[in-house]
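**Q** Take this structure, written in structure tokens, and hold onto it; I'll ask about it next.
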Amino acid sequence: MAEQGTLSAAGLGASRASASEAWGPRPRRALSRRNIIIYGTLTVVALYYLLPLYVMIVTSLKGMPEIRMGNIFSPPMEITFEPWVKAWATACTGLNCEGLSRGFWNSVRITVPSVIISILIASVNGYALANWRFRGADIFFTILIVGAFIPYQVMIYPIVIILREMGLYGTLTGLVMVHTIFGMPILTLLFRNYFASVPEELFKAARVDGAGFWAIYFKIMLPMSLPIFVVAVILQITGIWNDFLFGVVYTKPDVYPMTVQLNNIVNSVQGVKEYNVNMAATLLTGLVPLIVYFISGKLFVRGIAAGAVKG
Amino acid sequence: MADTRNGRPSQVFRNLNSKVASIPMVLTASVVFVGGTIWTVIHSFTNSKLLPRLNFIGLDQYERLWNSNKWLISIENLFIYGVLSLIFSLVIGFMLAALLDQKIRFEDTFRTIFLYPFALSFIVTGLVWQWILNPDFGVQAVVRSLGWESFAFDPLYNQDIVIYGILIAGLWQGTGLVMCLMLAGLRGIDEDIWKASRVDGIPMWKTYLFIVIPMMRPVFVTTLVIIASGIVRVYDLVVAQTSGGPGIASEVPAKYVYDAMFLSQNLGQGFAASTMMLVTVLIVIVPWAYLEFGRRRHRG
Amino acid sequence: MSSVIVRDVSLNFGAVEVLKSLNLDVAEGEFIVLLGPSGCGKSTLLNCIAGLLDVSQGQIFIKGKNVTWEEPKDRGIGMVFQSYALYPQMTVEGNLSFGLKNAGLPKDEIAKRVARASEILQIEPLLQRKPAALSGGQRQRVAIGRALVRDVDVFLFDEPLSNLDAKLRSELRVEIKRLHQKLANTMIYVTHDQIEALTLADRIAVMKGGVIQQLDGPQEIYNRPVNRFVAGFIGSPGMNFLEGQVSRDGSPSFLVGDLRIPLDRYDFSVANAAGAAALGIRPEHVALDEAGAAMPFSLETVVEIVEPMGSDTLVWTTLGGHNFNFRAPSERTLRLRERITIGFDPARASLFDAATDVRL
């Protein structure tokens with residue numbers, strides 16, 4: 001039966017090929033109008049999105065004479081890494097000429113503890129909210145979420161006072177605290193929603209087995225929630241590394257994070273503008289989040305989607 | 001544990017670990033968010049200068065604020081930037097998402113390209129676009145060198161259009177996020193809806209306009225709230241791209257607050273301005289929250 | 001005249017062959033059910049007929065017209081989906097009329113068709129409601145209505161009742177049957193539910209692995225399955241299979257364990273079949289006690305498990321070394337380890353080749 005079927009199909013196929021009668025898939029040209037519109041639009045937009053990255057890269061590899069003469073879109077005639085070296089080690093802000101390196105290490109010293117502490121606190125907190133509800137918890141959680149929409153400017157100065165009272169104003173520790181506070185709404189929400197999606201039976205079974213608050217958190221919830229931790233880490237690294245406002249408000253010049261230092265270098269009014277050094281510095285500052293982005297791929301998107309349910 | 005005589009531990013010690021774990025949240029919510037906001041609002045009615053003082057002067061700070069040219073320009077800029085960036089990022093974001101949703105090849109590549117600016121800071125974004133829009137070396141110079149001598153495109157040096165220069169950079173940075181949210185929304189639409197509309201012979205654009213977009217209302221609302229609350233905060237981008245210039249043509253409220261508080265030692269002004277920002281956000285958030293919670297109560 | 005013809009249709013997704021050179025002729029006004037387990041290609045075939053999927057090879061004719069390259073809207077079909085696929089922002093009336101408006105029909109014609117469809121389906125009181133305000137059964141009626149207003153010759157149903165609870169499902173099943181009798185349209189209906197298939201179909205196409213295993217009337221499919229897959233898939237509880245040998249010593253008989261089941265009354269499809277085979281007996285074809293003893297084949301056995309099902313009782317025992325179940329009337333109380341006499345008529349059994357699973 002089946003054999004006959006395939007035979008006749010082949011026979012039909014051969015005979016139909018010449019006939020104009022419809023057979024098989026609808027004919028689709030690779031260059032149909034639809035495809036031209038879709039891929040054409042996407043390609044043009046993609047080029048537009050890539051343009052700044054391209055300009056940054058080529059500018060940072062050119063010498064100043066070439067920049068003054070040429071066109072910002074043309075590739076460098078002579079590649080030089082001088083601007084990169086200068087941006088990293090000797091570029092001047094109004095105050096010092098140490099390049100971005102100091103800002104880079106400051107940012108590392110800010111980002112690493114901020115990411116760890118904010119995620120630890122928020123994950124335990126989200127776990128408590130999801131699995132160990134107590135009366136009044138929801139009120140504070142609601143305030144926390146609503147607070148995520150309050151402009152930072154409203155809370156900036158009170159925090160200055162709090163930090164000053166604690167003797168932490170202008171220190172890295174103070175800034176880490178600020179990042180922990182402002183990362184809390186979104187991270188807590190992220191973890192609460194994740195832990196709430198873990199089957200409740202698992203939690204109940206663990207309680208029947210005699211595990212308490214911390215035992216369940218460390219032995220059951222933590223091992224299960226690696227992906228959400230990765231999402232949180234990505235979210236926090238990019239968020240904290242890219243922060244400018246808190247850095248400029250709560251730290252002193254010698255502990256300025258990279259973004260603040262970058263802005264001071266590029267927008268410094270003293271001296272001749274060295275655009276190649278500026279672009280090298282800009283690229284250097286953008287490198288960490290870009291690397292995180294390209295490595296994390298789909299998880300970054302998940303982090304954003306998680307951030308989107310803020311409301 | 002404390003009082004086991006009547007068989008029940010006292011209320012305070014029940015679930016103790018959970019309460020301990022929630023201390024950071026409770027402190028943040030009550031002290032920083034609620035306390036800080038109230039503190040700022042109260043001090044906006046004082047004549048605090050270098051240091052906060054409780055010397056009440058009524059609405060003087062607000063009067064001064066609304067008589068300040070810099071503030072009025074800030075508000076105007078925020079309004080133009082806000083409305084345009086809402087419209088453009090929603091329209092462009094949705095169109096890109098719709099294009100990516102056509103079961104195309106290289107979807108991941110395109111998505112990666114559209115989203116990468118979102119990973120960059122506003123400072124980096126602002127500085128790149130400052131460079132591209134530089135009239136002596138950037139787009140204007142390139143077009144002129146191609147022979148169109150009178151071509152003028154120098155938004156960052158032109159008071160009248162400087163805010164559009166910032167808008168270009170802001171859209172470049174943020175549209176990817178909108179696209180991502182919209183794509184997630186589109187993927188949430190039941191496949192059968194598309195099949196049904198094909199059987200019914202409804203053209204694709206009509207299906208989007210009359211069926212799919214109405215179905216995505218929650219996604220649009222969420223996106224709108226996210227973009228809007230981001231717009232009110234716009235600060236770094238302006239600082240990096242124009243520092244508020246030329247003159248004060250690209251000032252924004254967030255920058256006004258910072259300048260008043262930390263540069264011109266005029267805390268009272270800063271508090272009043274930030275309270276106005278809070279009011280602006282409330283105007284956006286309250287109707288949305290009302291709708292959201294109203295609907296939920298309706299349902300359950 | 002044939003209403004729908006599927007000729008040598010194949011469909012590949014990459015290297016996966018979902019449909020394999022498939023042929024199907026549906027007569028005018030016929031109710032065809034495509035039945036099979038999930039992943040057998042039944043929904044895929046329906047989507048190909050609707051034009052929602054492109055075929056890789058072959059042709060599809062509807063009403064004598066080659067529609068292989070036509071858009072769904074031009075094929076003269078209406079379709080009903082499992083998830084209803086109602087447009088949530090539109091009222092019921094809007095859902096029914098949206099496609100017609102797009103086809104540019106005059107207003108009074110649209111009104112007439114909507115009125116007719118809503119009368120047939122008794123959804124007139126719901127016309128101004130939104131889908132969210134309807135129950136599952138009402139939604140599915142509206143979805144059927146949307147196909148109805150298109151005034152087409154062929155209705156396609158893609159598991160339309162799977163999202164409903166058991167009671168509603170049986171109600172709407174009758175409803176669909178009534179609709180078919182009234183309209184006399186061609187209907188092609190996909191389901192994995194054999195009760196739906198057996199009750200609704202003029203003919204059932206049992207599918208597996210992208211191939212139609214058997215295309216026959218419900219009685220034929222039930223009584224004379226062409227292979228072991230169809231035999232096992234149809235019927236609940238499933239058919240008992242006894243693995244043994246067909247012997248041709250003297251009169252034909254089936255040997256399993258130490259039993260010898262006479263096959264002289266069995267209607268062989270293959271002349272002189274012999275060798276390793278499986279004998280399939282439906283649980284409902286087994287009789288108990290005196291009725292069992294009166295059957296052409298009977299034996300004594302022991303009750304092992306009793307499962308009361310309400311209307312009858314399912315009894316498990318052992319026959320020729322195989323687990324064997326049958327239905328007993330619920331009035332007959334059976335105790336564990338009770339010795340009983342059961343019997344069946346081998347003429348009603350099915351015999352399959354052990355190697356090819358084809359009916360012998």
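Residue numbers start at 1 in each chain; chains themselves are named A, B, ... in the order of the structure tokens; ligands are numbered from 1 in the order shown.
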Compute the chain C side of the contact with chain B at 6 Å, counting only C-alpha atoms, and hand it back as a list in words.
**A**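 Written out as asked, the residues are Pro72, Lys73, Ala85 and Gly99 of chain C.
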**Q** Please identify every residue of chain A that has at least one atom no more than 7 Å from any atom of chain B, counting only C-alpha atoms, and report them as number ranges by chain.
**A** A: 38, 46, 49-50, 52, 56, 71-72, 124-125, 128, 132, 134, 140, 143-144, 147, 149-151, 153-155, 158, 181, 213, 238, 242, 244-245, 259, 263, 282, 286, 289-290, 293, 305, 311
**Q** Can you write out the residues you just picked, keeping C-alpha atoms, as a PDB file, in the first residue's frame?
**A**
ATOM      1  CA  ILE A  38      11.181  42.436   6.328  1.00  0.00           C
ATOM      2  CA  ALA A  46      20.454  46.952  12.545  1.00  0.00           C
ATOM      3  CA  TYR A  49      22.051  50.387  15.854  1.00  0.00           C
ATOM      4  CA  LEU A  50      25.551  49.165  15.086  1.00  0.00           C
ATOM      5  CA  PRO A  52      27.707  54.066  17.163  1.00  0.00           C
ATOM      6  CA  MET A  56      33.533  54.248  18.701  1.00  0.00           C
ATOM      7  CA  ASN A  71      35.419  61.298   8.192  1.00  0.00           C
ATOM      8  CA  ILE A  72      34.230  59.630  11.393  1.00  0.00           C
ATOM      9  CA  VAL A 124      16.317  35.648  51.422  1.00  0.00           C
ATOM     10  CA  ASN A 125      13.731  38.365  51.516  1.00  0.00           C
ATOM     11  CA  ALA A 128      10.485  34.867  53.236  1.00  0.00           C
ATOM     12  CA  TRP A 132       7.006  32.297  55.216  1.00  0.00           C
ATOM     13  CA  PHE A 134       3.858  36.943  58.294  1.00  0.00           C
ATOM     14  CA  PHE A 140       6.071  46.541  53.297  1.00  0.00           C
ATOM     15  CA  ILE A 143       5.659  50.009  49.663  1.00  0.00           C
ATOM     16  CA  LEU A 144       8.890  48.597  48.310  1.00  0.00           C
ATOM     17  CA  GLY A 147       8.959  52.930  45.946  1.00  0.00           C
ATOM     18  CA  PHE A 149       8.773  54.224  40.861  1.00  0.00           C
ATOM     19  CA  ILE A 150       9.606  57.168  43.111  1.00  0.00           C
ATOM     20  CA  PRO A 151      12.247  59.353  41.427  1.00  0.00           C
ATOM     21  CA  GLN A 153      15.919  62.596  43.470  1.00  0.00           C
ATOM     22  CA  VAL A 154      13.265  62.533  46.168  1.00  0.00           C
ATOM     23  CA  MET A 155      15.286  60.166  48.357  1.00  0.00           C
ATOM     24  CA  PRO A 158      17.721  61.911  53.168  1.00  0.00           C
ATOM     25  CA  ILE A 181      18.699  49.600  48.854  1.00  0.00           C
ATOM     26  CA  PHE A 213      13.695  28.459  57.569  1.00  0.00           C
ATOM     27  CA  THR A 238      25.001  45.962  34.320  1.00  0.00           C
ATOM     28  CA  ASN A 242      26.332  51.718  34.542  1.00  0.00           C
ATOM     29  CA  PHE A 244      26.254  57.459  37.428  1.00  0.00           C
ATOM     30  CA  LEU A 245      23.941  59.379  39.745  1.00  0.00           C
ATOM     31  CA  THR A 259      31.247  56.186  34.619  1.00  0.00           C
ATOM     32  CA  ASN A 263      32.381  61.762  32.083  1.00  0.00           C
ATOM     33  CA  THR A 282      33.992  55.305  26.392  1.00  0.00           C
ATOM     34  CA  GLY A 286      31.082  50.057  28.057  1.00  0.00           C
ATOM     35  CA  PRO A 289      28.379  45.361  30.442  1.00  0.00           C
ATOM     36  CA  LEU A 290      28.831  44.536  26.766  1.00  0.00           C
ATOM     37  CA  TYR A 293      25.528  41.023  27.566  1.00  0.00           C
ATOM     38  CA  ALA A 305      11.522  40.497  31.065  1.00  0.00           C
ATOM     39  CA  GLY A 311       4.516  46.804  38.290  1.00  0.00           C
TER      40      GLY A 311
END
**Q** Using only C-alpha atoms, which of C:Gly29, C:Gly94, C:Glu17, C:Val211 sits nearest chain A?
**A**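 Comparing C:Gly29, C:Gly94, C:Glu17, C:Val211 against chain A, the winner is C:Val211.
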**Q** Give me, as a ChimeraX atom specification, all polymer residues having an atom no more than 9 Å from range 178-193 of chain C, counting only C-alpha atoms and skipping those fewer than 5 positions away in the same chain.
**A** /C:3-4,26-38,42-43,46,120-121,152-162,173,198,200-201
**Q** Filtering to N, CA and C atoms, could you give me those residues as an mmCIF file, in the first residue's frame?
**A**
data_model
loop_
_atom_site.group_PDB
_atom_site.id
_atom_site.type_symbol
_atom_site.label_atom_id
_atom_site.label_comp_id
_atom_site.auth_asym_id
_atom_site.auth_seq_id
_atom_site.Cartn_x
_atom_site.Cartn_y
_atom_site.Cartn_z
ATOM 1 N N SER C 3 -15.714 15.760 -2.092
ATOM 2 C CA SER C 3 -15.697 17.128 -1.619
ATOM 3 C C SER C 3 -14.259 17.580 -1.356
ATOM 4 N N VAL C 4 -13.512 16.717 -0.667
ATOM 5 C CA VAL C 4 -12.106 17.027 -0.385
ATOM 6 C C VAL C 4 -11.263 15.855 -0.827
ATOM 7 N N VAL C 26 -12.739 12.471 0.620
ATOM 8 C CA VAL C 26 -13.895 12.720 1.476
ATOM 9 C C VAL C 26 -15.085 13.016 0.577
ATOM 10 N N ALA C 27 -16.160 12.264 0.776
ATOM 11 C CA ALA C 27 -17.333 12.451 -0.079
ATOM 12 C C ALA C 27 -18.120 13.665 0.369
ATOM 13 N N GLU C 28 -18.932 14.171 -0.545
ATOM 14 C CA GLU C 28 -19.803 15.314 -0.270
ATOM 15 C C GLU C 28 -20.688 15.012 0.934
ATOM 16 N N GLY C 29 -20.701 15.906 1.909
ATOM 17 C CA GLY C 29 -21.581 15.744 3.061
ATOM 18 C C GLY C 29 -21.125 14.713 4.073
ATOM 19 N N GLU C 30 -19.922 14.195 3.879
ATOM 20 C CA GLU C 30 -19.453 13.142 4.769
ATOM 21 C C GLU C 30 -18.827 13.728 6.031
ATOM 22 N N PHE C 31 -18.951 12.988 7.142
ATOM 23 C CA PHE C 31 -18.311 13.387 8.386
ATOM 24 C C PHE C 31 -17.116 12.467 8.607
ATOM 25 N N ILE C 32 -15.922 13.008 8.417
ATOM 26 C CA ILE C 32 -14.701 12.204 8.566
ATOM 27 C C ILE C 32 -14.011 12.602 9.859
ATOM 28 N N VAL C 33 -13.606 11.628 10.644
ATOM 29 C CA VAL C 33 -12.833 11.933 11.844
ATOM 30 C C VAL C 33 -11.414 11.440 11.651
ATOM 31 N N LEU C 34 -10.455 12.328 11.922
ATOM 32 C CA LEU C 34 -9.047 11.922 11.929
ATOM 33 C C LEU C 34 -8.692 11.624 13.373
ATOM 34 N N LEU C 35 -8.375 10.363 13.634
ATOM 35 C CA LEU C 35 -8.177 9.922 15.012
ATOM 36 C C LEU C 35 -6.772 9.368 15.168
ATOM 37 N N GLY C 36 -6.165 9.666 16.299
ATOM 38 C CA GLY C 36 -4.848 9.086 16.546
ATOM 39 C C GLY C 36 -4.233 9.693 17.785
ATOM 40 N N PRO C 37 -3.137 9.093 18.245
ATOM 41 C CA PRO C 37 -2.460 9.634 19.423
ATOM 42 C C PRO C 37 -1.776 10.952 19.064
ATOM 43 N N SER C 38 -1.346 11.701 20.071
ATOM 44 C CA SER C 38 -0.716 12.982 19.766
ATOM 45 C C SER C 38 0.576 12.739 19.001
ATOM 46 N N LYS C 42 -2.377 14.136 12.703
ATOM 47 C CA LYS C 42 -3.773 14.402 12.338
ATOM 48 C C LYS C 42 -4.073 15.897 12.250
ATOM 49 N N SER C 43 -3.549 16.658 13.246
ATOM 50 C CA SER C 43 -3.768 18.110 13.187
ATOM 51 C C SER C 43 -2.981 18.736 12.042
ATOM 52 N N LEU C 46 -4.939 18.350 8.957
ATOM 53 C CA LEU C 46 -6.050 19.295 8.919
ATOM 54 C C LEU C 46 -5.555 20.694 8.539
ATOM 55 N N ILE C 120 -29.288 28.996 14.629
ATOM 56 C CA ILE C 120 -28.959 27.570 14.585
ATOM 57 C C ILE C 120 -28.246 27.148 15.867
ATOM 58 N N LEU C 121 -27.323 27.968 16.335
ATOM 59 C CA LEU C 121 -26.513 27.602 17.497
ATOM 60 C C LEU C 121 -27.118 28.086 18.799
ATOM 61 N N VAL C 152 -19.682 28.023 3.993
ATOM 62 C CA VAL C 152 -18.728 27.239 3.221
ATOM 63 C C VAL C 152 -19.202 25.795 3.106
ATOM 64 N N ASP C 153 -18.521 25.059 2.268
ATOM 65 C CA ASP C 153 -18.902 23.670 2.038
ATOM 66 C C ASP C 153 -18.229 22.728 3.012
ATOM 67 N N VAL C 154 -17.049 23.120 3.476
ATOM 68 C CA VAL C 154 -16.258 22.194 4.283
ATOM 69 C C VAL C 154 -15.970 22.822 5.640
ATOM 70 N N PHE C 155 -16.277 22.066 6.686
ATOM 71 C CA PHE C 155 -15.964 22.497 8.047
ATOM 72 C C PHE C 155 -14.779 21.693 8.559
ATOM 73 N N LEU C 156 -13.826 22.388 9.153
ATOM 74 C CA LEU C 156 -12.682 21.700 9.743
ATOM 75 C C LEU C 156 -12.705 21.929 11.251
ATOM 76 N N PHE C 157 -12.638 20.860 12.010
ATOM 77 C CA PHE C 157 -12.628 20.977 13.465
ATOM 78 C C PHE C 157 -11.304 20.449 13.997
ATOM 79 N N ASP C 158 -10.589 21.299 14.744
ATOM 80 C CA ASP C 158 -9.308 20.857 15.308
ATOM 81 C C ASP C 158 -9.481 20.628 16.805
ATOM 82 N N GLU C 159 -9.745 19.410 17.189
ATOM 83 C CA GLU C 159 -9.975 19.039 18.593
ATOM 84 C C GLU C 159 -10.870 20.055 19.303
ATOM 85 N N PRO C 160 -12.066 20.295 18.792
ATOM 86 C CA PRO C 160 -12.856 21.417 19.311
ATOM 87 C C PRO C 160 -13.341 21.217 20.740
ATOM 88 N N LEU C 161 -13.396 19.991 21.209
ATOM 89 C CA LEU C 161 -14.005 19.767 22.518
ATOM 90 C C LEU C 161 -12.992 19.458 23.610
ATOM 91 N N SER C 162 -11.707 19.446 23.262
ATOM 92 C CA SER C 162 -10.705 18.982 24.224
ATOM 93 C C SER C 162 -10.593 19.874 25.449
ATOM 94 N N ARG C 173 -21.041 17.334 21.708
ATOM 95 C CA ARG C 173 -20.875 16.274 20.719
ATOM 96 C C ARG C 173 -22.200 16.044 19.998
ATOM 97 N N LEU C 198 -16.068 7.566 17.329
ATOM 98 C CA LEU C 198 -17.034 6.506 17.039
ATOM 99 C C LEU C 198 -18.448 7.060 16.947
ATOM 100 N N LEU C 200 -19.423 10.275 16.184
ATOM 101 C CA LEU C 200 -19.693 11.303 15.188
ATOM 102 C C LEU C 200 -19.480 10.839 13.747
ATOM 103 N N ALA C 201 -18.522 9.961 13.541
ATOM 104 C CA ALA C 201 -17.990 9.788 12.191
ATOM 105 C C ALA C 201 -18.873 8.947 11.293
#
**Q** I'd like the contact shell of range 267-280 of chain A - 8 Å cut-off, only C-alpha atoms, skipping same-chain residues fewer than 6 positions apart - returned as an NGL selection string.
**A** (:A and (56-57 or 59-64 or 67 or 83-84 or 86-87 or 91 or 93-94)) or (:B and (128 or 131 or 240))
